[in-house]
Amino acid sequence: MQKFQKLSLAVLIQTALISTAFASEQSESKGFVEDAEGSVLFRTGFLHRDKKNGVEDTSSAAQTAMVKIESGFTKGIVGFGVGVIGDASFKIGKNGHTGNQMIPVKDQLNSDGTKDAYDHWVRGGGFVKARVSNTTITYGTQISEIPVIASNTARLTPEYFTGLSIISNEIDNLSLYAGKFTKNQWSNDISTDEQNLDRAVYWGAKYKFNDQLNSSYYGLDVKDKLDRHYANVNYTHGLKNDASLSLDFSGYHTDWKQGAGSSDPRIDIQDLSNSIWGVSASYSKDVHNVMISYQDNAGNTGYDYAYNSDGLQSIYVPNSYLSDFNGNDEKSVGLQYNYNFKNHGLAGLNWTTAFVYGWDIDVAENDTPSIIVDQAEEHEFFNQIKYTIQTGYLKDASLRLRHSYLRGSDTYNNASGNYVSNAIGSTNEWRIWLDIPVSLF
């Protein structure tokens with residue numbers, strides 16, 4: 001940690017020197033109050049999973065208001081600011097079978113072994129920030145968008161991390177990232193540190209070669225849990241008649257530390273590692289976009305994330321829908337199509353459909369994890385339609401309806417609990433989100 005602190009101090013000193021000679025984000029600051037921003041996102045959410053193979057269904061519905069109020073930076077060589085971020089929510093209906101990181105539940109057990117959902121709950125926290133030249137340091141409650149430790153934003157409320165983050169844009173086309181988080185709060189956690197995070201340190205960089213080619217790299221060290229690395233390269237080539245072709249590569253390599261909390265029971269008896277990567281090609285023209293993709297896992301376990309305080313959305317690969325197609329040794333191919341209805345007088349209406357097939361999944365028994373007992377498969381048919389209001393008082397309000405049909409081999413579904421598996425299991429899932437953003441100032 002001393003090396004990390006020294007690096008942060010060196011960045012601050014260097015940017016302070018640079019700021020005296022060049023124009024910067026900080027030199028253009030209008031002031032603490034003048035640049036302040038405030039917003040509320042009202043969200044009504046419904047998530048239902050119709051489980052198969054004898055597994056109990058889950059269903060959740062709730063309403064929330066997500067608030068972010070943030071000051072600008074004070075003027076001067078070093079600018080300072082503050083902010084708060086949080087959410088206030090209440091359940092809709094009984095929610096007797098809630099799940100899927102949607103709504104927090106109470107600790108007490110009912111006579112039938114179930115737990116009641118909270119009627120209402122409030123979460124969040126404050127943060128302070130400082131800026132020198134084009135470098136910003138933030139400490140406090142945050143939503144992380146770093147691919148190796150990404151907050152889940154696909155539920156009713158976001159996943160929060162608490163700690164320090166640094167973003168530096170001192171060099172043209174190069175962004176540097178570093179941070180240290182010490183608390184992790186899932187979307188359905190009441191406590192700010194319910195995931196018992198000790199320390200997660202990340203670092204990374206994004207570089208834009210030109211308007212066509214972009215790249216990024218990130219690393220993560222979660223104390224006593226895992227080491228992870230991520231890389232991405234994206235290339236877009238313009239074609240005739242305003243069409244374009246995009247090629248994308250992304251991948252992770254993860255080494256779990258001995259005794260870490262992976263969902264794979266073999267974690268205590270051997271070193272576990274996984275490399276997952278995916279390539280995709282997308283063709284866009286007018287209202288159409290078609291993407292084909294291939295994804296591959298290697299190592300002696302599947303790509304396990306989220307349960308080591310490493311973010312419930314740390315899965316930036318192409319074949320990630322309801323299933324992430326991240327099983328042990330799994331290969332998968334996907335086809336996705338997106339259509340924009342603007343040419344039909346329905347600007348703001350989009351439809352996305354996809355099919356992904358995964359195969360060659362190594363499945364082992366818990367009692368003899370070194371012996372592979374099945375080469376399993378899974379497949380998913382995904383559909384989503386979303387409408388966003390384009391003008392008027394409700395501009396940017398949106399309604400999204402999503403459905404997934406997911407099926408897999410009985411062994412990989414793990415209904416009996418006798419097999420090593422991190423699969424979601426055969427499921428029909430529905431999600432409905434109504435989002436209404438409101439700008440306060």
# chains A, B, ... in the order shown; residues from 1 in each chain; ligands from 1
call {"tool": "select_by_dssp", "arguments": {"residues": "range 193-269 of chain A", "states": "strand (DSSP E)", "output": "VMD selection string"}}
result
chain A and resid 200 to 208 213 to 222 226 to 238 244 to 256
call {"tool": "closest_residue", "arguments": {"among": "A:Gln313, A:Thr74, A:Ser215, A:Asn184", "to": "Glu145 in chain A", "atoms": "only C-alpha atoms"}}
result
A:Gln313
call {"tool": "residues_around", "arguments": {"residues": "Asp310 in chain A", "least_positions_apart": "3", "cutoff": "8 Å", "atoms": "only C-alpha atoms", "output": "list in words"}}
result
Val148, Ile149, Ala150, Ala200, Val222, Tyr305, Ala306, Tyr307 and Ser314 of chain A
call {"tool": "write_last_selection", "arguments": {"atoms": "all heavy atoms", "output": "tab-separated table (two decimals), in the first residue's frame"}}
result
chain	number	residue	atom	x	y	z
A	148	VAL	N	-12.77	-4.47	-14.24
A	148	VAL	CA	-12.35	-5.55	-13.35
A	148	VAL	C	-13.04	-5.48	-12.00
A	148	VAL	O	-12.94	-6.39	-11.18
A	148	VAL	CB	-10.82	-5.54	-13.14
A	148	VAL	CG1	-10.10	-5.98	-14.40
A	148	VAL	CG2	-10.34	-4.16	-12.69
A	149	ILE	N	-13.76	-4.37	-11.71
A	149	ILE	CA	-14.47	-4.22	-10.44
A	149	ILE	C	-15.66	-3.28	-10.69
A	149	ILE	O	-15.74	-2.18	-10.15
A	149	ILE	CB	-13.54	-3.73	-9.31
A	149	ILE	CG1	-14.25	-3.76	-7.96
A	149	ILE	CG2	-12.88	-2.41	-9.64
A	149	ILE	CD1	-13.33	-3.62	-6.76
A	150	ALA	N	-16.59	-3.75	-11.52
A	150	ALA	CA	-17.69	-2.92	-12.01
A	150	ALA	C	-18.93	-3.10	-11.15
A	150	ALA	O	-19.36	-4.22	-10.87
A	150	ALA	CB	-17.99	-3.26	-13.46
A	200	ALA	N	-9.44	-3.76	-2.06
A	200	ALA	CA	-9.38	-4.05	-3.49
A	200	ALA	C	-8.66	-2.89	-4.16
A	200	ALA	O	-9.13	-1.75	-4.11
A	200	ALA	CB	-10.78	-4.22	-4.07
A	222	VAL	N	-7.60	-8.13	-5.16
A	222	VAL	CA	-8.48	-8.17	-4.01
A	222	VAL	C	-7.80	-9.00	-2.94
A	222	VAL	O	-7.52	-10.19	-3.15
A	222	VAL	CB	-9.86	-8.76	-4.35
A	222	VAL	CG1	-10.76	-8.74	-3.11
A	222	VAL	CG2	-10.51	-7.99	-5.49
A	305	TYR	N	-17.17	-14.40	-10.78
A	305	TYR	CA	-17.01	-13.00	-10.39
A	305	TYR	C	-18.13	-12.61	-9.43
A	305	TYR	O	-19.07	-13.37	-9.21
A	305	TYR	CB	-17.03	-12.08	-11.62
A	305	TYR	CG	-18.36	-12.04	-12.35
A	305	TYR	CD1	-19.23	-10.97	-12.19
A	305	TYR	CD2	-18.75	-13.08	-13.19
A	305	TYR	CE1	-20.46	-10.93	-12.83
A	305	TYR	CE2	-19.96	-13.04	-13.85
A	305	TYR	CZ	-20.82	-11.97	-13.66
A	305	TYR	OH	-22.03	-11.94	-14.30
A	306	ALA	N	-18.00	-11.46	-8.81
A	306	ALA	CA	-19.00	-10.86	-7.92
A	306	ALA	C	-18.89	-11.34	-6.48
A	306	ALA	O	-19.06	-10.54	-5.55
A	306	ALA	CB	-20.42	-11.11	-8.43
A	307	TYR	N	-18.60	-12.62	-6.26
A	307	TYR	CA	-18.65	-13.16	-4.91
A	307	TYR	C	-17.33	-13.02	-4.17
A	307	TYR	O	-17.14	-13.59	-3.10
A	307	TYR	CB	-19.10	-14.62	-4.96
A	307	TYR	CG	-20.52	-14.74	-5.46
A	307	TYR	CD1	-20.78	-14.94	-6.81
A	307	TYR	CD2	-21.59	-14.58	-4.60
A	307	TYR	CE1	-22.08	-15.00	-7.29
A	307	TYR	CE2	-22.90	-14.65	-5.06
A	307	TYR	CZ	-23.14	-14.86	-6.40
A	307	TYR	OH	-24.44	-14.91	-6.85
A	314	SER	N	-18.74	-7.25	-13.46
A	314	SER	CA	-17.38	-7.36	-14.03
A	314	SER	C	-17.32	-8.47	-15.07
A	314	SER	O	-16.59	-9.45	-14.92
A	314	SER	CB	-16.38	-7.63	-12.90
A	314	SER	OG	-16.40	-6.59	-11.95
call {"tool": "closest_atom_pairs", "arguments": {"of": "range 174-262 of chain A", "to": "range 84-100 of chain A", "cutoff": "12 Å", "atoms": "only C-alpha atoms", "output": "JSON lines"}}
result
{"residue": "A:Gln185", "atom": "CA", "partner": "A:Gly86", "partner_atom": "CA", "distance": 11.7}
{"residue": "A:Trp186", "atom": "CA", "partner": "A:Asn100", "partner_atom": "CA", "distance": 10.9}
{"residue": "A:Ser187", "atom": "CA", "partner": "A:Asn100", "partner_atom": "CA", "distance": 9.6}
{"residue": "A:Asn188", "atom": "CA", "partner": "A:Asn100", "partner_atom": "CA", "distance": 8.6}
{"residue": "A:Asp189", "atom": "CA", "partner": "A:Asn100", "partner_atom": "CA", "distance": 11.8}
{"residue": "A:Ile190", "atom": "CA", "partner": "A:Asp87", "partner_atom": "CA", "distance": 11.2}
{"residue": "A:Thr192", "atom": "CA", "partner": "A:Gly86", "partner_atom": "CA", "distance": 11.3}
call {"tool": "write_last_selection", "arguments": {"atoms": "N, CA, C and O atoms", "output": "CSV table (one decimal), in the first residue's frame"}}
result
chain,number,residue,atom,x,y,z
A,185,GLN,N,-21.0,-2.8,-1.2
A,185,GLN,CA,-22.4,-2.9,-0.9
A,185,GLN,C,-23.2,-3.3,-2.1
A,185,GLN,O,-23.4,-2.5,-3.0
A,186,TRP,N,-23.7,-4.5,-2.1
A,186,TRP,CA,-24.6,-5.0,-3.2
A,186,TRP,C,-25.9,-4.2,-3.3
A,186,TRP,O,-26.3,-3.6,-2.3
A,187,SER,N,-26.6,-4.4,-4.4
A,187,SER,CA,-27.9,-3.7,-4.6
A,187,SER,C,-28.9,-4.1,-3.6
A,187,SER,O,-29.8,-3.3,-3.2
A,188,ASN,N,-28.8,-5.3,-3.0
A,188,ASN,CA,-29.8,-5.7,-2.0
A,188,ASN,C,-29.2,-5.8,-0.6
A,188,ASN,O,-29.7,-6.5,0.3
A,189,ASP,N,-28.1,-5.1,-0.4
A,189,ASP,CA,-27.5,-5.0,1.0
A,189,ASP,C,-27.9,-3.7,1.7
A,189,ASP,O,-28.0,-2.7,1.1
A,190,ILE,N,-28.2,-3.9,3.0
A,190,ILE,CA,-28.5,-2.8,3.8
A,190,ILE,C,-27.2,-2.1,4.4
A,190,ILE,O,-27.0,-0.9,4.4
A,192,THR,N,-23.3,-1.0,4.6
A,192,THR,CA,-22.4,-0.5,3.6
A,192,THR,C,-21.2,-1.5,3.3
A,192,THR,O,-20.5,-1.3,2.3
call {"tool": "residues_around", "arguments": {"residues": "range 23-33 of chain A", "least_positions_apart": "4", "cutoff": "7 Å", "atoms": "only C-alpha atoms", "output": "JSON, numbers by chain"}}
result
{"A": [19, 71, 72, 73, 74, 75, 79, 81, 131, 132, 133, 134]}
call {"tool": "residues_around", "arguments": {"residues": "Tyr217 in chain A", "least_positions_apart": "2", "cutoff": "6 Å", "atoms": "only C-alpha atoms", "output": "list in words"}}
result
Gly204, Ala205, Tyr230 and Ala231 of chain A
call {"tool": "select_by_dssp", "arguments": {"residues": "range 259-351 of chain A", "states": "helix (DSSP H, G or I)", "output": "PyMOL selection string"}}
result
chain A and resi 265-268+341-344
call {"tool": "closest_residue", "arguments": {"among": "A:Tyr339, A:Tyr357, A:Tyr321, A:Tyr139", "to": "Arg402 in chain A", "atoms": "only C-alpha atoms"}}
result
A:Tyr321
call {"tool": "residues_around", "arguments": {"residues": "Asn383 in chain A", "least_positions_apart": "6", "cutoff": "10 Å", "atoms": "only C-alpha atoms", "output": "mmCIF file with N, CA, C and O atoms, in the first residue's frame"}}
result
data_model
loop_
_atom_site.group_PDB
_atom_site.id
_atom_site.type_symbol
_atom_site.label_atom_id
_atom_site.label_comp_id
_atom_site.auth_asym_id
_atom_site.auth_seq_id
_atom_site.Cartn_x
_atom_site.Cartn_y
_atom_site.Cartn_z
ATOM 1 N N TYR A 321 -25.669 -12.122 -21.390
ATOM 2 C CA TYR A 321 -27.070 -11.693 -21.349
ATOM 3 C C TYR A 321 -27.608 -12.101 -19.974
ATOM 4 O O TYR A 321 -27.143 -11.574 -18.964
ATOM 5 N N GLN A 336 -26.562 -11.430 -32.650
ATOM 6 C CA GLN A 336 -27.425 -10.391 -32.109
ATOM 7 C C GLN A 336 -27.862 -9.440 -33.231
ATOM 8 O O GLN A 336 -27.077 -9.111 -34.118
ATOM 9 N N TYR A 337 -29.128 -9.005 -33.147
ATOM 10 C CA TYR A 337 -29.652 -8.052 -34.130
ATOM 11 C C TYR A 337 -30.390 -6.944 -33.389
ATOM 12 O O TYR A 337 -31.177 -7.207 -32.465
ATOM 13 N N ASN A 338 -30.107 -5.682 -33.778
ATOM 14 C CA ASN A 338 -30.782 -4.529 -33.195
ATOM 15 C C ASN A 338 -31.448 -3.715 -34.297
ATOM 16 O O ASN A 338 -30.842 -3.468 -35.352
ATOM 17 N N TRP A 351 -35.425 -2.405 -30.680
ATOM 18 C CA TRP A 351 -35.624 -3.830 -30.396
ATOM 19 C C TRP A 351 -34.299 -4.555 -30.572
ATOM 20 O O TRP A 351 -33.592 -4.364 -31.567
ATOM 21 N N THR A 352 -33.954 -5.384 -29.594
ATOM 22 C CA THR A 352 -32.746 -6.196 -29.652
ATOM 23 C C THR A 352 -33.107 -7.655 -29.429
ATOM 24 O O THR A 352 -33.836 -7.986 -28.487
ATOM 25 N N THR A 353 -32.630 -8.514 -30.306
ATOM 26 C CA THR A 353 -32.828 -9.942 -30.146
ATOM 27 C C THR A 353 -31.488 -10.650 -30.317
ATOM 28 O O THR A 353 -30.612 -10.163 -31.049
ATOM 29 N N ALA A 354 -31.313 -11.774 -29.622
ATOM 30 C CA ALA A 354 -30.036 -12.491 -29.701
ATOM 31 C C ALA A 354 -30.256 -13.964 -29.390
ATOM 32 O O ALA A 354 -31.183 -14.345 -28.657
ATOM 33 N N PHE A 355 -29.364 -14.774 -29.956
ATOM 34 C CA PHE A 355 -29.315 -16.202 -29.613
ATOM 35 C C PHE A 355 -27.864 -16.577 -29.378
ATOM 36 O O PHE A 355 -26.984 -16.236 -30.174
ATOM 37 N N LEU A 401 -38.663 -3.564 -21.594
ATOM 38 C CA LEU A 401 -39.200 -4.906 -21.374
ATOM 39 C C LEU A 401 -38.191 -5.911 -21.915
ATOM 40 O O LEU A 401 -37.803 -5.835 -23.079
ATOM 41 N N ARG A 402 -37.777 -6.847 -21.069
ATOM 42 C CA ARG A 402 -36.733 -7.804 -21.441
ATOM 43 C C ARG A 402 -37.165 -9.216 -21.078
ATOM 44 O O ARG A 402 -37.747 -9.445 -20.016
ATOM 45 N N HIS A 403 -36.876 -10.165 -21.978
ATOM 46 C CA HIS A 403 -37.196 -11.572 -21.723
ATOM 47 C C HIS A 403 -36.034 -12.450 -22.160
ATOM 48 O O HIS A 403 -35.435 -12.236 -23.220
ATOM 49 N N SER A 404 -35.721 -13.450 -21.336
ATOM 50 C CA SER A 404 -34.697 -14.448 -21.670
ATOM 51 C C SER A 404 -35.277 -15.841 -21.500
ATOM 52 O O SER A 404 -35.954 -16.135 -20.502
ATOM 53 N N TYR A 405 -34.995 -16.690 -22.491
ATOM 54 C CA TYR A 405 -35.330 -18.115 -22.435
ATOM 55 C C TYR A 405 -34.004 -18.856 -22.383
ATOM 56 O O TYR A 405 -33.264 -18.898 -23.365
ATOM 57 N N TRP A 430 -38.279 -12.491 -16.897
ATOM 58 C CA TRP A 430 -38.869 -11.245 -17.347
ATOM 59 C C TRP A 430 -38.315 -10.100 -16.502
ATOM 60 O O TRP A 430 -38.214 -10.221 -15.286
#
call {"tool": "residues_around", "arguments": {"residues": "Ser323 in chain A", "least_positions_apart": "3", "cutoff": "12 Å", "atoms": "only C-alpha atoms", "output": "PyMOL selection string"}}
result
chain A and resi 303+315+317-320+326-327+332+355-358+377-382+404-408+413+422-429
call {"tool": "atom_distance", "arguments": {"atom1": "CA of Phe249 in chain A", "atom2": "CA of Leu226 in chain A"}}
result
23.0 Å
call {"tool": "decode", "arguments": {"residues": "range 87-124 of chain A", "atoms": "C-alpha atoms", "output": "PDB file, in the first residue's frame"}}
result
ATOM      1  CA  ASP A  87     -31.306   5.700  -2.986  1.00  0.00           C
ATOM      2  CA  ALA A  88     -34.601   5.443  -1.083  1.00  0.00           C
ATOM      3  CA  SER A  89     -36.853   2.493  -1.958  1.00  0.00           C
ATOM      4  CA  PHE A  90     -39.978   0.578  -1.001  1.00  0.00           C
ATOM      5  CA  LYS A  91     -41.315  -2.801  -2.080  1.00  0.00           C
ATOM      6  CA  ILE A  92     -44.447  -3.252  -4.184  1.00  0.00           C
ATOM      7  CA  GLY A  93     -46.529  -6.172  -2.895  1.00  0.00           C
ATOM      8  CA  LYS A  94     -45.428  -8.837  -0.436  1.00  0.00           C
ATOM      9  CA  ASN A  95     -42.288  -9.996  -2.296  1.00  0.00           C
ATOM     10  CA  GLY A  96     -42.414 -13.320  -0.499  1.00  0.00           C
ATOM     11  CA  HIS A  97     -40.084 -14.948  -3.030  1.00  0.00           C
ATOM     12  CA  THR A  98     -37.692 -12.116  -3.748  1.00  0.00           C
ATOM     13  CA  GLY A  99     -34.168 -12.815  -4.936  1.00  0.00           C
ATOM     14  CA  ASN A 100     -31.582 -12.057  -7.606  1.00  0.00           C
ATOM     15  CA  GLN A 101     -29.935  -9.144  -5.750  1.00  0.00           C
ATOM     16  CA  MET A 102     -33.134  -7.092  -6.087  1.00  0.00           C
ATOM     17  CA  ILE A 103     -34.565  -6.377  -2.606  1.00  0.00           C
ATOM     18  CA  PRO A 104     -32.914  -6.753   0.859  1.00  0.00           C
ATOM     19  CA  VAL A 105     -34.387  -9.330   3.231  1.00  0.00           C
ATOM     20  CA  LYS A 106     -34.455  -9.431   7.022  1.00  0.00           C
ATOM     21  CA  ASP A 107     -32.237 -11.764   9.050  1.00  0.00           C
ATOM     22  CA  GLN A 108     -35.088 -13.409  10.991  1.00  0.00           C
ATOM     23  CA  LEU A 109     -36.415 -16.726   9.708  1.00  0.00           C
ATOM     24  CA  ASN A 110     -40.159 -17.352   9.507  1.00  0.00           C
ATOM     25  CA  SER A 111     -41.662 -20.632  10.678  1.00  0.00           C
ATOM     26  CA  ASP A 112     -41.616 -21.934   7.083  1.00  0.00           C
ATOM     27  CA  GLY A 113     -37.905 -21.118   6.718  1.00  0.00           C
ATOM     28  CA  THR A 114     -38.420 -18.049   4.522  1.00  0.00           C
ATOM     29  CA  LYS A 115     -37.313 -14.465   5.181  1.00  0.00           C
ATOM     30  CA  ASP A 116     -39.410 -11.326   4.806  1.00  0.00           C
ATOM     31  CA  ALA A 117     -38.377  -8.526   2.486  1.00  0.00           C
ATOM     32  CA  TYR A 118     -37.847  -5.047   3.910  1.00  0.00           C
ATOM     33  CA  ASP A 119     -40.862  -2.762   3.445  1.00  0.00           C
ATOM     34  CA  HIS A 120     -38.617   0.248   2.756  1.00  0.00           C
ATOM     35  CA  TRP A 121     -34.913   1.041   2.947  1.00  0.00           C
ATOM     36  CA  VAL A 122     -32.407   3.859   2.400  1.00  0.00           C
ATOM     37  CA  ARG A 123     -28.764   3.529   1.343  1.00  0.00           C
ATOM     38  CA  GLY A 124     -25.898   5.698   0.157  1.00  0.00           C
TER      39      GLY A 124
END
